[in-house]
>>> print(open('run.pdb').read())   # PDB, C-alpha atoms
ATOM      1  CA  MET A   1      -3.546 -10.466  -1.236
ATOM      2  CA  LYS A   2      -0.001 -10.664   0.110
ATOM      3  CA  ALA A   3       0.104 -14.405  -0.481
ATOM      4  CA  ILE A   4      -0.920 -13.810  -4.103
ATOM      5  CA  LYS A   5       1.917 -11.311  -4.523
ATOM      6  CA  LEU A   6       4.454 -13.795  -3.224
ATOM      7  CA  ILE A   7       3.127 -16.518  -5.521
ATOM      8  CA  ILE A   8       3.386 -14.170  -8.499
ATOM      9  CA  PHE A   9       6.967 -13.331  -7.720
ATOM     10  CA  PHE A  10       7.796 -16.999  -7.206
ATOM     11  CA  LEU A  11       6.488 -17.593 -10.723
ATOM     12  CA  ILE A  12       8.638 -14.711 -11.903
ATOM     13  CA  PHE A  13      11.685 -16.461 -10.451
ATOM     14  CA  ILE A  14      10.854 -19.679 -12.289
ATOM     15  CA  ASN A  15      10.166 -17.979 -15.614
ATOM     16  CA  GLY A  16      13.296 -15.832 -15.531
ATOM     17  CA  ALA A  17      15.290 -18.362 -17.531
ATOM     18  CA  PHE A  18      13.285 -17.533 -20.651
ATOM     19  CA  ALA A  19      14.219 -13.836 -20.724
ATOM     20  CA  MET A  20      16.036 -12.045 -23.506
ATOM     21  CA  GLN A  21      19.614 -11.065 -22.852
ATOM     22  CA  ILE A  22      19.928  -7.336 -22.443
ATOM     23  CA  THR A  23      21.816  -5.097 -24.796
ATOM     24  CA  SER A  24      24.977  -3.232 -23.838
ATOM     25  CA  GLU A  25      23.017   0.016 -23.627
ATOM     26  CA  ASP A  26      20.433  -1.502 -21.324
ATOM     27  CA  SER A  27      23.166  -3.245 -19.335
ATOM     28  CA  SER A  28      24.874   0.053 -18.570
ATOM     29  CA  PHE A  29      21.588   1.429 -17.325
ATOM     30  CA  VAL A  30      21.019  -1.494 -14.980
ATOM     31  CA  THR A  31      24.605  -1.411 -13.752
ATOM     32  CA  SER A  32      24.233   2.246 -12.869
ATOM     33  CA  ILE A  33      21.416   1.627 -10.401
ATOM     34  CA  LEU A  34      22.042  -1.942  -9.220
ATOM     35  CA  PRO A  35      25.161  -2.959  -7.266
ATOM     36  CA  ASP A  36      27.101  -6.091  -8.215
ATOM     37  CA  THR A  37      27.445  -7.201  -4.598
ATOM     38  CA  LEU A  38      25.401  -6.572  -1.497
ATOM     39  CA  ASN A  39      26.110  -7.679   2.108
ATOM     40  CA  GLY A  40      27.701 -10.897   0.854
ATOM     41  CA  TRP A  41      25.180 -11.465  -1.949
ATOM     42  CA  ARG A  42      26.377 -11.253  -5.551
ATOM     43  CA  SER A  43      24.553 -10.940  -8.839
ATOM     44  CA  GLU A  44      24.048 -14.285 -10.572
ATOM     45  CA  GLY A  45      24.357 -14.692 -14.326
ATOM     46  CA  SER A  46      23.361 -12.018 -16.808
ATOM     47  CA  ASP A  47      20.718  -9.426 -16.166
ATOM     48  CA  GLN A  48      17.518  -9.954 -18.100
ATOM     49  CA  ILE A  49      15.267  -7.577 -19.957
ATOM     50  CA  TYR A  50      11.623  -7.847 -20.933
ATOM     51  CA  THR A  51       9.564  -5.658 -23.227
ATOM     52  CA  ALA A  52       5.848  -5.500 -23.973
ATOM     53  CA  GLU A  53       6.346  -8.247 -26.541
ATOM     54  CA  ASN A  54       7.646 -10.883 -24.120
ATOM     55  CA  LEU A  55       6.538  -9.746 -20.665
ATOM     56  CA  TYR A  56       4.098 -12.671 -20.574
ATOM     57  CA  GLU A  57       7.073 -15.015 -20.419
ATOM     58  CA  PHE A  58       8.099 -13.411 -17.145
ATOM     59  CA  ILE A  59       4.760 -12.730 -15.469
ATOM     60  CA  ASP A  60       2.430 -15.416 -16.717
ATOM     61  CA  GLY A  61      -1.105 -14.181 -16.077
ATOM     62  CA  GLY A  62      -0.061 -10.849 -14.588
ATOM     63  CA  ALA A  63       1.415  -8.940 -17.510
ATOM     64  CA  GLU A  64      -1.884  -7.230 -18.336
ATOM     65  CA  LEU A  65      -1.607  -4.969 -15.317
ATOM     66  CA  TYR A  66       1.717  -3.468 -16.388
ATOM     67  CA  LEU A  67       0.778  -3.300 -20.051
ATOM     68  CA  SER A  68      -2.378  -1.354 -19.194
ATOM     69  CA  TYR A  69      -0.146   1.284 -17.592
ATOM     70  CA  GLY A  70       2.052   1.818 -20.638
ATOM     71  CA  PHE A  71       4.873  -0.540 -19.587
ATOM     72  CA  LYS A  72       8.163  -0.033 -21.472
ATOM     73  CA  LYS A  73      10.847  -2.354 -20.085
ATOM     74  CA  LEU A  74      11.595  -4.611 -17.144
ATOM     75  CA  PHE A  75      15.115  -5.235 -15.827
ATOM     76  CA  HIS A  76      15.575  -8.315 -13.639
ATOM     77  CA  ARG A  77      18.533  -9.353 -11.512
ATOM     78  CA  THR A  78      19.008 -12.221  -9.059
ATOM     79  CA  TYR A  79      21.392 -12.031  -6.104
ATOM     80  CA  VAL A  80      22.728 -15.227  -4.504
ATOM     81  CA  ARG A  81      24.678 -16.048  -1.373
ATOM     82  CA  GLU A  82      25.568 -19.567  -0.315
ATOM     83  CA  GLY A  83      23.430 -20.697   2.604
ATOM     84  CA  TYR A  84      21.066 -17.741   2.319
ATOM     85  CA  PRO A  85      17.841 -17.101   0.393
ATOM     86  CA  ASP A  86      18.046 -15.500  -3.039
ATOM     87  CA  ILE A  87      17.081 -11.869  -3.533
ATOM     88  CA  LEU A  88      15.213 -10.898  -6.709
ATOM     89  CA  VAL A  89      15.006  -7.305  -7.919
ATOM     90  CA  ASP A  90      12.821  -6.034 -10.748
ATOM     91  CA  VAL A  91      12.997  -2.496 -12.108
ATOM     92  CA  PHE A  92       9.971  -1.606 -14.229
ATOM     93  CA  ASP A  93      10.335   1.360 -16.571
ATOM     94  CA  MET A  94       6.734   2.545 -16.888
ATOM     95  CA  GLY A  95       7.460   5.400 -19.267
ATOM     96  CA  ASN A  96       6.356   8.215 -16.962
ATOM     97  CA  ALA A  97       5.804   8.980 -13.302
ATOM     98  CA  ALA A  98       2.000   8.838 -13.515
ATOM     99  CA  ASN A  99       2.088   5.227 -14.692
ATOM    100  CA  ALA A 100       4.703   4.249 -12.095
ATOM    101  CA  PHE A 101       2.537   5.805  -9.375
ATOM    102  CA  GLY A 102      -0.523   3.987 -10.717
ATOM    103  CA  VAL A 103       1.137   0.564 -10.702
ATOM    104  CA  PHE A 104       2.497   1.106  -7.198
ATOM    105  CA  MET A 105      -0.923   2.109  -5.827
ATOM    106  CA  HIS A 106      -2.809  -0.643  -7.641
ATOM    107  CA  THR A 107      -3.184  -3.033  -4.679
ATOM    108  CA  ARG A 108      -1.903  -0.865  -1.883
ATOM    109  CA  GLU A 109      -2.938  -1.712   1.677
ATOM    110  CA  LYS A 110      -0.645   0.793   3.342
ATOM    111  CA  VAL A 111       1.688   3.514   2.137
ATOM    112  CA  GLU A 112       5.054   4.083   3.796
ATOM    113  CA  ALA A 113       7.742   6.642   3.069
ATOM    114  CA  ALA A 114      10.910   4.634   3.664
ATOM    115  CA  PHE A 115      11.978   4.545   0.012
ATOM    116  CA  GLY A 116      11.317   6.472  -3.169
ATOM    117  CA  GLN A 117       8.109   8.468  -3.321
ATOM    118  CA  GLY A 118       6.087   5.801  -1.577
ATOM    119  CA  SER A 119       6.866   2.265  -0.463
ATOM    120  CA  GLU A 120       5.394  -0.805   1.183
ATOM    121  CA  TYR A 121       7.070  -3.730   2.914
ATOM    122  CA  VAL A 122       5.573  -7.007   4.045
ATOM    123  CA  GLN A 123       7.101 -10.424   4.745
ATOM    124  CA  GLY A 124      10.162 -10.254   2.550
ATOM    125  CA  PHE A 125       8.603  -8.213  -0.230
ATOM    126  CA  LEU A 126       9.373  -4.517  -0.674
ATOM    127  CA  ASN A 127       8.170  -2.291  -3.470
ATOM    128  CA  PHE A 128       8.339   1.427  -4.171
ATOM    129  CA  TRP A 129       8.070   3.973  -6.966
ATOM    130  CA  LYS A 130      10.229   6.893  -7.980
ATOM    131  CA  ASP A 131      10.038   9.012 -11.113
ATOM    132  CA  ARG A 132       9.060   6.681 -13.988
ATOM    133  CA  PHE A 133      10.221   3.525 -12.197
ATOM    134  CA  TYR A 134       8.370   0.923 -10.163
ATOM    135  CA  ILE A 135      10.749  -1.306  -8.204
ATOM    136  CA  SER A 136      10.016  -4.602  -6.491
ATOM    137  CA  ILE A 137      12.496  -6.545  -4.362
ATOM    138  CA  LEU A 138      11.764 -10.005  -3.011
ATOM    139  CA  THR A 139      13.730 -12.327  -0.751
ATOM    140  CA  MET A 140      12.689 -15.944  -1.151
ATOM    141  CA  ALA A 141      12.713 -16.359   2.655
ATOM    142  CA  GLU A 142      12.817 -13.555   5.179
ATOM    143  CA  THR A 143      15.740 -13.738   7.589
ATOM    144  CA  ALA A 144      17.389 -10.958   9.540
ATOM    145  CA  GLN A 145      20.258 -10.954   7.047
ATOM    146  CA  SER A 146      18.139 -11.055   3.889
ATOM    147  CA  LYS A 147      15.822  -8.342   5.206
ATOM    148  CA  ALA A 148      18.799  -6.087   5.966
ATOM    149  CA  ALA A 149      20.203  -6.708   2.485
ATOM    150  CA  LEU A 150      16.818  -6.046   0.902
ATOM    151  CA  PHE A 151      16.499  -2.681   2.672
ATOM    152  CA  LYS A 152      20.064  -1.719   1.769
ATOM    153  CA  LEU A 153      19.420  -2.575  -1.879
ATOM    154  CA  ALA A 154      16.272  -0.457  -1.895
ATOM    155  CA  ALA A 155      18.169   2.490  -0.413
ATOM    156  CA  GLN A 156      20.910   2.207  -3.027
ATOM    157  CA  ILE A 157      18.448   2.050  -5.932
ATOM    158  CA  ASP A 158      16.525   4.990  -4.483
ATOM    159  CA  ALA A 159      19.728   7.050  -4.305
ATOM    160  CA  GLN A 160      20.634   6.208  -7.910
ATOM    161  CA  ILE A 161      17.370   7.609  -9.305
ATOM    162  CA  PRO A 162      17.939  11.350  -8.843
ATOM    163  CA  GLN A 163      14.681  12.698 -10.207
ATOM    164  CA  LYS A 164      11.314  12.660  -8.502
ATOM    165  CA  GLY A 165       8.159  12.216 -10.526
ATOM    166  CA  LYS A 166       4.986  14.218 -10.273
ATOM    167  CA  ILE A 167       1.887  12.655  -8.758
ATOM    168  CA  PRO A 168      -0.874  12.870 -11.401
ATOM    169  CA  ASP A 169      -2.773  16.161 -11.264
ATOM    170  CA  LEU A 170      -6.071  14.279 -11.356
ATOM    171  CA  VAL A 171      -5.206  12.478  -8.111
ATOM    172  CA  ARG A 172      -4.661  15.837  -6.427
ATOM    173  CA  LYS A 173      -8.253  16.750  -7.270
ATOM    174  CA  LEU A 174      -9.630  14.129  -4.896
ATOM    175  CA  PRO A 175     -10.948  16.001  -1.815
ATOM    176  CA  GLN A 176      -8.600  15.317   1.088
ATOM    177  CA  GLU A 177     -11.051  15.422   3.998
ATOM    178  CA  GLY A 178     -11.819  11.848   5.030
ATOM    179  CA  LEU A 179      -9.748  10.353   2.192
ATOM    180  CA  LYS A 180      -7.966   7.096   3.016
ATOM    181  CA  PRO A 181      -4.467   7.581   1.521
ATOM    182  CA  ALA A 182      -3.845   3.890   0.815
ATOM    183  CA  SER A 183      -7.116   3.637  -1.123
ATOM    184  CA  VAL A 184      -6.094   6.049  -3.878
ATOM    185  CA  ARG A 185      -5.944   4.524  -7.341
ATOM    186  CA  TYR A 186      -4.941   5.943 -10.719
ATOM    187  CA  PHE A 187      -5.433   4.147 -14.034
ATOM    188  CA  HIS A 188      -6.669   4.413 -17.616
ATOM    189  CA  HIS A 189      -8.317   1.099 -18.341
ATOM    190  CA  TYR A 190     -11.977   0.367 -17.659
ATOM    191  CA  ILE A 191     -11.321  -3.087 -16.249
ATOM    192  CA  TRP A 192      -9.686  -1.613 -13.156
ATOM    193  CA  LEU A 193     -12.694   0.619 -12.509
ATOM    194  CA  ASN A 194     -14.873  -2.477 -12.595
ATOM    195  CA  SER A 195     -12.632  -4.120 -10.013
ATOM    196  CA  TYR A 196     -12.639  -1.133  -7.627
ATOM    197  CA  LEU A 197     -16.237   0.010  -8.149
ATOM    198  CA  TYR A 198     -18.378  -2.459 -10.010
ATOM    199  CA  LEU A 199     -20.945  -0.863 -12.309
ATOM    200  CA  SER A 200     -20.864  -3.359 -15.168
ATOM    201  CA  HIS A 201     -18.588  -5.983 -16.673
ATOM    202  CA  ASP A 202     -18.700  -3.950 -19.891
ATOM    203  CA  ASN A 203     -17.029  -0.638 -20.708
ATOM    204  CA  ILE A 204     -20.221   1.362 -20.215
ATOM    205  CA  LEU A 205     -18.301   4.596 -19.579
ATOM    206  CA  ASN A 206     -16.460   4.363 -22.906
ATOM    207  CA  ILE A 207     -13.041   4.600 -21.267
ATOM    208  CA  SER A 208      -9.986   4.381 -23.517
ATOM    209  CA  GLU A 209      -6.222   4.601 -23.010
ATOM    210  CA  LYS A 210      -6.376   8.354 -23.617
ATOM    211  CA  ASP A 211      -8.664   8.901 -20.626
ATOM    212  CA  ARG A 212      -7.494   9.160 -17.009
ATOM    213  CA  ILE A 213      -9.217   7.968 -13.834
ATOM    214  CA  ALA A 214      -8.556   8.764 -10.167
ATOM    215  CA  LEU A 215     -10.362   6.903  -7.396
ATOM    216  CA  GLY A 216     -10.392   7.185  -3.626
ATOM    217  CA  LYS A 217     -12.310   5.745  -0.687
ATOM    218  CA  TYR A 218     -13.487   7.814   2.263
ATOM    219  CA  SER A 219     -13.969   7.265   5.958
ATOM    220  CA  ASP A 220     -17.778   7.414   5.641
ATOM    221  CA  GLY A 221     -17.761   4.457   3.253
ATOM    222  CA  SER A 222     -18.047   6.485   0.065
ATOM    223  CA  THR A 223     -16.077   5.816  -3.113
ATOM    224  CA  LEU A 224     -15.273   8.705  -5.417
ATOM    225  CA  VAL A 225     -14.237   8.388  -9.067
ATOM    226  CA  ILE A 226     -13.100  11.221 -11.318
ATOM    227  CA  ILE A 227     -12.819  10.408 -15.005
ATOM    228  CA  GLN A 228     -10.952  12.905 -17.164
ATOM    229  CA  TYR A 229     -11.923  12.235 -20.754
ATOM    230  CA  GLU A 230      -9.644  13.169 -23.609
ATOM    231  CA  ASN A 231     -12.069  15.913 -24.694
ATOM    232  CA  VAL A 232     -15.340  17.617 -23.749
ATOM    233  CA  GLU A 233     -17.399  15.956 -26.474
ATOM    234  CA  LYS A 234     -16.466  12.457 -25.336
ATOM    235  CA  ALA A 235     -17.367  13.319 -21.738
ATOM    236  CA  LYS A 236     -20.788  14.614 -22.785
ATOM    237  CA  ASN A 237     -21.507  11.627 -25.032
ATOM    238  CA  SER A 238     -20.480   9.154 -22.342
ATOM    239  CA  TYR A 239     -22.703  10.840 -19.773
ATOM    240  CA  GLN A 240     -25.649  10.934 -22.167
ATOM    241  CA  THR A 241     -25.281   7.249 -23.026
ATOM    242  CA  LEU A 242     -25.027   6.409 -19.346
ATOM    243  CA  GLY A 243     -28.440   7.964 -18.660
ATOM    244  CA  GLN A 244     -30.169   6.719 -21.782
ATOM    245  CA  LYS A 245     -28.948   3.135 -21.839
ATOM    246  CA  TYR A 246     -27.740   2.058 -18.418
ATOM    247  CA  PHE A 247     -29.065   4.232 -15.589
ATOM    248  CA  PRO A 248     -32.346   5.907 -16.599
ATOM    249  CA  GLU A 249     -32.875   6.711 -12.912
ATOM    250  CA  MET A 250     -30.316   9.514 -13.142
ATOM    251  CA  LYS A 251     -32.712  11.535 -15.304
ATOM    252  CA  LYS A 252     -35.161  11.858 -12.408
ATOM    253  CA  HIS A 253     -33.011  11.670  -9.307
ATOM    254  CA  ARG A 254     -29.649  13.203  -8.503
ATOM    255  CA  VAL A 255     -28.953  10.358  -6.073
ATOM    256  CA  PHE A 256     -30.489   6.958  -6.789
ATOM    257  CA  LYS A 257     -30.079   3.374  -5.662
ATOM    258  CA  VAL A 258     -29.022   0.432  -7.835
ATOM    259  CA  ARG A 259     -28.258  -3.055  -6.491
ATOM    260  CA  ASN A 260     -28.009  -1.921  -2.866
ATOM    261  CA  MET A 261     -25.677   0.941  -3.802
ATOM    262  CA  PHE A 262     -26.416   4.658  -3.783
ATOM    263  CA  LEU A 263     -25.032   6.437  -6.831
ATOM    264  CA  LEU A 264     -24.515  10.000  -8.005
ATOM    265  CA  PHE A 265     -23.198  10.975 -11.438
ATOM    266  CA  ASP A 266     -22.171  14.539 -12.206
ATOM    267  CA  LEU A 267     -20.854  15.911 -15.490
ATOM    268  CA  GLN A 268     -18.241  18.663 -15.450
ATOM    269  CA  PRO A 269     -16.753  18.379 -18.962
ATOM    270  CA  PRO A 270     -14.234  16.983 -19.613
ATOM    271  CA  TYR A 271     -14.732  15.358 -16.202
ATOM    272  CA  LEU A 272     -17.330  12.836 -15.091
ATOM    273  CA  ILE A 273     -17.701  12.397 -11.331
ATOM    274  CA  ILE A 274     -19.091   9.230  -9.770
ATOM    275  CA  ALA A 275     -19.849   8.992  -6.057
ATOM    276  CA  ALA A 276     -21.073   5.733  -4.513
ATOM    277  CA  ASN A 277     -21.900   4.389  -1.083
ATOM    278  CA  ASP A 278     -23.564   1.083  -0.194
ATOM    279  CA  GLN A 279     -24.557   2.271   3.281
ATOM    280  CA  SER A 280     -25.992   5.766   2.977
ATOM    281  CA  ALA A 281     -26.637   8.542   0.450
ATOM    282  CA  ASP A 282     -26.187  11.295   3.018
ATOM    283  CA  GLY A 283     -22.655  12.393   2.158
ATOM    284  CA  LEU A 284     -22.600  11.908  -1.605
ATOM    285  CA  THR A 285     -23.894  15.330  -2.635
ATOM    286  CA  LYS A 286     -21.449  17.115  -0.349
ATOM    287  CA  LEU A 287     -18.559  14.976  -1.585
ATOM    288  CA  VAL A 288     -19.370  15.785  -5.211
ATOM    289  CA  GLN A 289     -19.666  19.499  -4.420
ATOM    290  CA  LYS A 290     -16.194  19.428  -2.879
ATOM    291  CA  THR A 291     -14.893  17.619  -5.947
ATOM    292  CA  ILE A 292     -16.376  20.199  -8.318
ATOM    293  CA  ALA A 293     -14.620  22.935  -6.337
ATOM    294  CA  GLN A 294     -11.331  21.023  -6.718
ATOM    295  CA  LEU A 295     -11.783  20.802 -10.484
ATOM    296  CA  LYS A 296     -12.060  24.556 -10.963
TER     297      LYS A 296
END
>>> encode(input="run.pdb", output="structure tokens")
Amino acid sequence: MKAIKLIIFFLIFINGAFAMQITSEDSSFVTSILPDTLNGWRSEGSDQIYTAENLYEFIDGGAELYLSYGFKKLFHRTYVREGYPDILVDVFDMGNAANAFGVFMHTREKVEAAFGQGSEYVQGFLNFWKDRFYISILTMAETAQSKAALFKLAAQIDAQIPQKGKIPDLVRKLPQEGLKPASVRYFHHYIWLNSYLYLSHDNILNISEKDRIALGKYSDGSTLVIIQYENVEKAKNSYQTLGQKYFPEMKKHRVFKVRNMFLLFDLQPPYLIIAANDQSADGLTKLVQKTIAQLK
């Protein structure tokens, strides 16, 4: 996973030459949170801006992730220092804190608190979120000097974003007992549910951009999903279709087994709860009961 991240950001570096030049208004924004010089590094060339229309030019094959979270703009700057590896910084404006949190948590393996409202560092790559922003900083080769500069840059950006964003309310409804913090996910596109908990390659839960999903994994091996539909009627219709067309077993059994996985669906309009475990069904009912209590 980490190797994939580094490859993606290497592609970002290559594709940066095709960016649009940023406007004076955008430039003043970038200047306010990014320093011109840093521990001997200096910004190279003009800053670059990407929107939903041309993000594919910057992240070839990876733009879909950001677009699915309501991406607004990306600001990119490269820092250079003779004899040292370049440092690349990308500031993603995700529109709101919930989307910034969701992007940050998308592939999280650990969650640290060094920067922003949650950060992660590994092998020359640091990323964090704060308010509506998701920030990634990459040094093309990790040295003691480039790592120190990378951390200093992160601290300066963190300090220049005064507001803190609110973690999505739906995420707070995940029962905390046994929850693995780094496993938490938040999104509103069905394809990500299929990647975290595979039920079907199709959108069988009728999830749209107006719906919200929180997911977490637990120490007993269970996965919990809470879908908050845009209204009660949609939640009821989705649940009914689920039982009639895809999982007829749920009409007879509260907990049932499909493809070596125990499943439990529970409707609490406008919420639909899904609990799954491929090892045992023992804890699913209790986990769902705790979730229902959290929803009230």
>>> resolve_selection(input="run.pdb", expression="the PyMOL selection byres ((chain A and resi 229-233) around 12)", output="ChimeraX atom specification")
/A:170,188-189,205-214,226-228,234-240,267-273
>>> closest_residue(input="run.pdb", among="A:Ala155, A:Ile167, A:Leu126, A:Ala149", to="Asn96 of chain A", atoms="all atoms listed in the file")
A:Ile167
>>> atom_distance(input="run.pdb", atom1="atom CA of Lys110 of chain A", atom2="atom CA of Ser183 of chain A")
8.4 Å
>>> atom_distance(input="run.pdb", atom1="atom CA of Thr78 of chain A", atom2="atom CA of Thr37 of chain A")
10.8 Å
>>> resolve_selection(input="run.pdb", expression="the PyMOL selection byres ((chain A and resi 262) around 7)", output="ChimeraX atom specification")
/A:255-258,260-261,263,276-278,280-281
>>> atom_distance(input="run.pdb", atom1="atom CA of Asn127 of chain A", atom2="atom CA of Leu224 of chain A")
26.0 Å
>>> axis_aligned_box(input="run.pdb", around="segment 51-66 of chain A", padding_each_side="5 Å", output="AutoDock Vina command-line options")
--center_x 3.8 --center_y -9.4 --center_z -20.6 --size_x 21.4 --size_y 21.9 --size_z 22.0
>>> resolve_selection(input="run.pdb", expression="the PyMOL selection byres ((chain A and resi 74) around 10)", output="ChimeraX atom specification")
/A:48-52,55,58,66,71-73,75-76,90-94,133-135
>>> closest_residue(input="run.pdb", among="A:Ser119, A:Ser43, A:Thr223, A:Gln294", to="Tyr198 of chain A", atoms="only C-alpha atoms")
A:Thr223
>>> closest_residue(input="run.pdb", among="A:Gln279, A:Asp36, A:Leu295, A:Asp60", to="Asp169 of chain A", atoms="only C-alpha atoms")
A:Leu295
>>> residues_around(input="run.pdb", residues="Val184 of chain A", least_positions_apart="5", cutoff="12 Å", atoms="only C-alpha atoms", output="JSON, numbers by chain")
{"A": [101, 102, 103, 104, 105, 106, 107, 108, 109, 110, 111, 167, 168, 170, 171, 172, 173, 174, 175, 176, 179, 196, 213, 214, 215, 216, 217, 218, 223, 224, 225, 226]}
>>> residues_near_point(input="run.pdb", point="(28.4, -18.8, -8.5)", cutoff="9 Å", atoms="only C-alpha atoms", output="PyMOL selection string")
chain A and resi 42-45+80-82
>>> residues_around(input="run.pdb", residues="Gln145 of chain A", least_positions_apart="4", cutoff="12 Å", atoms="only C-alpha atoms", output="ChimeraX atom specification")
/A:38-41,81,83-87,124,139,141,149-152
>>> closest_residue(input="run.pdb", among="A:Gln156, A:Ile161, A:Ala182, A:Leu88", to="Glu120 of chain A", atoms="only C-alpha atoms")
A:Ala182
>>> closest_residue(input="run.pdb", among="A:Ala159, A:Ile292, A:Leu264, A:Leu67", to="Ser32 of chain A", atoms="only C-alpha atoms")
A:Ala159
>>> residues_around(input="run.pdb", residues="Ile191 of chain A", least_positions_apart="3", cutoff="10 Å", atoms="only C-alpha atoms", output="PyMOL selection string")
chain A and resi 65+68+187-188+194-198+200-203+207
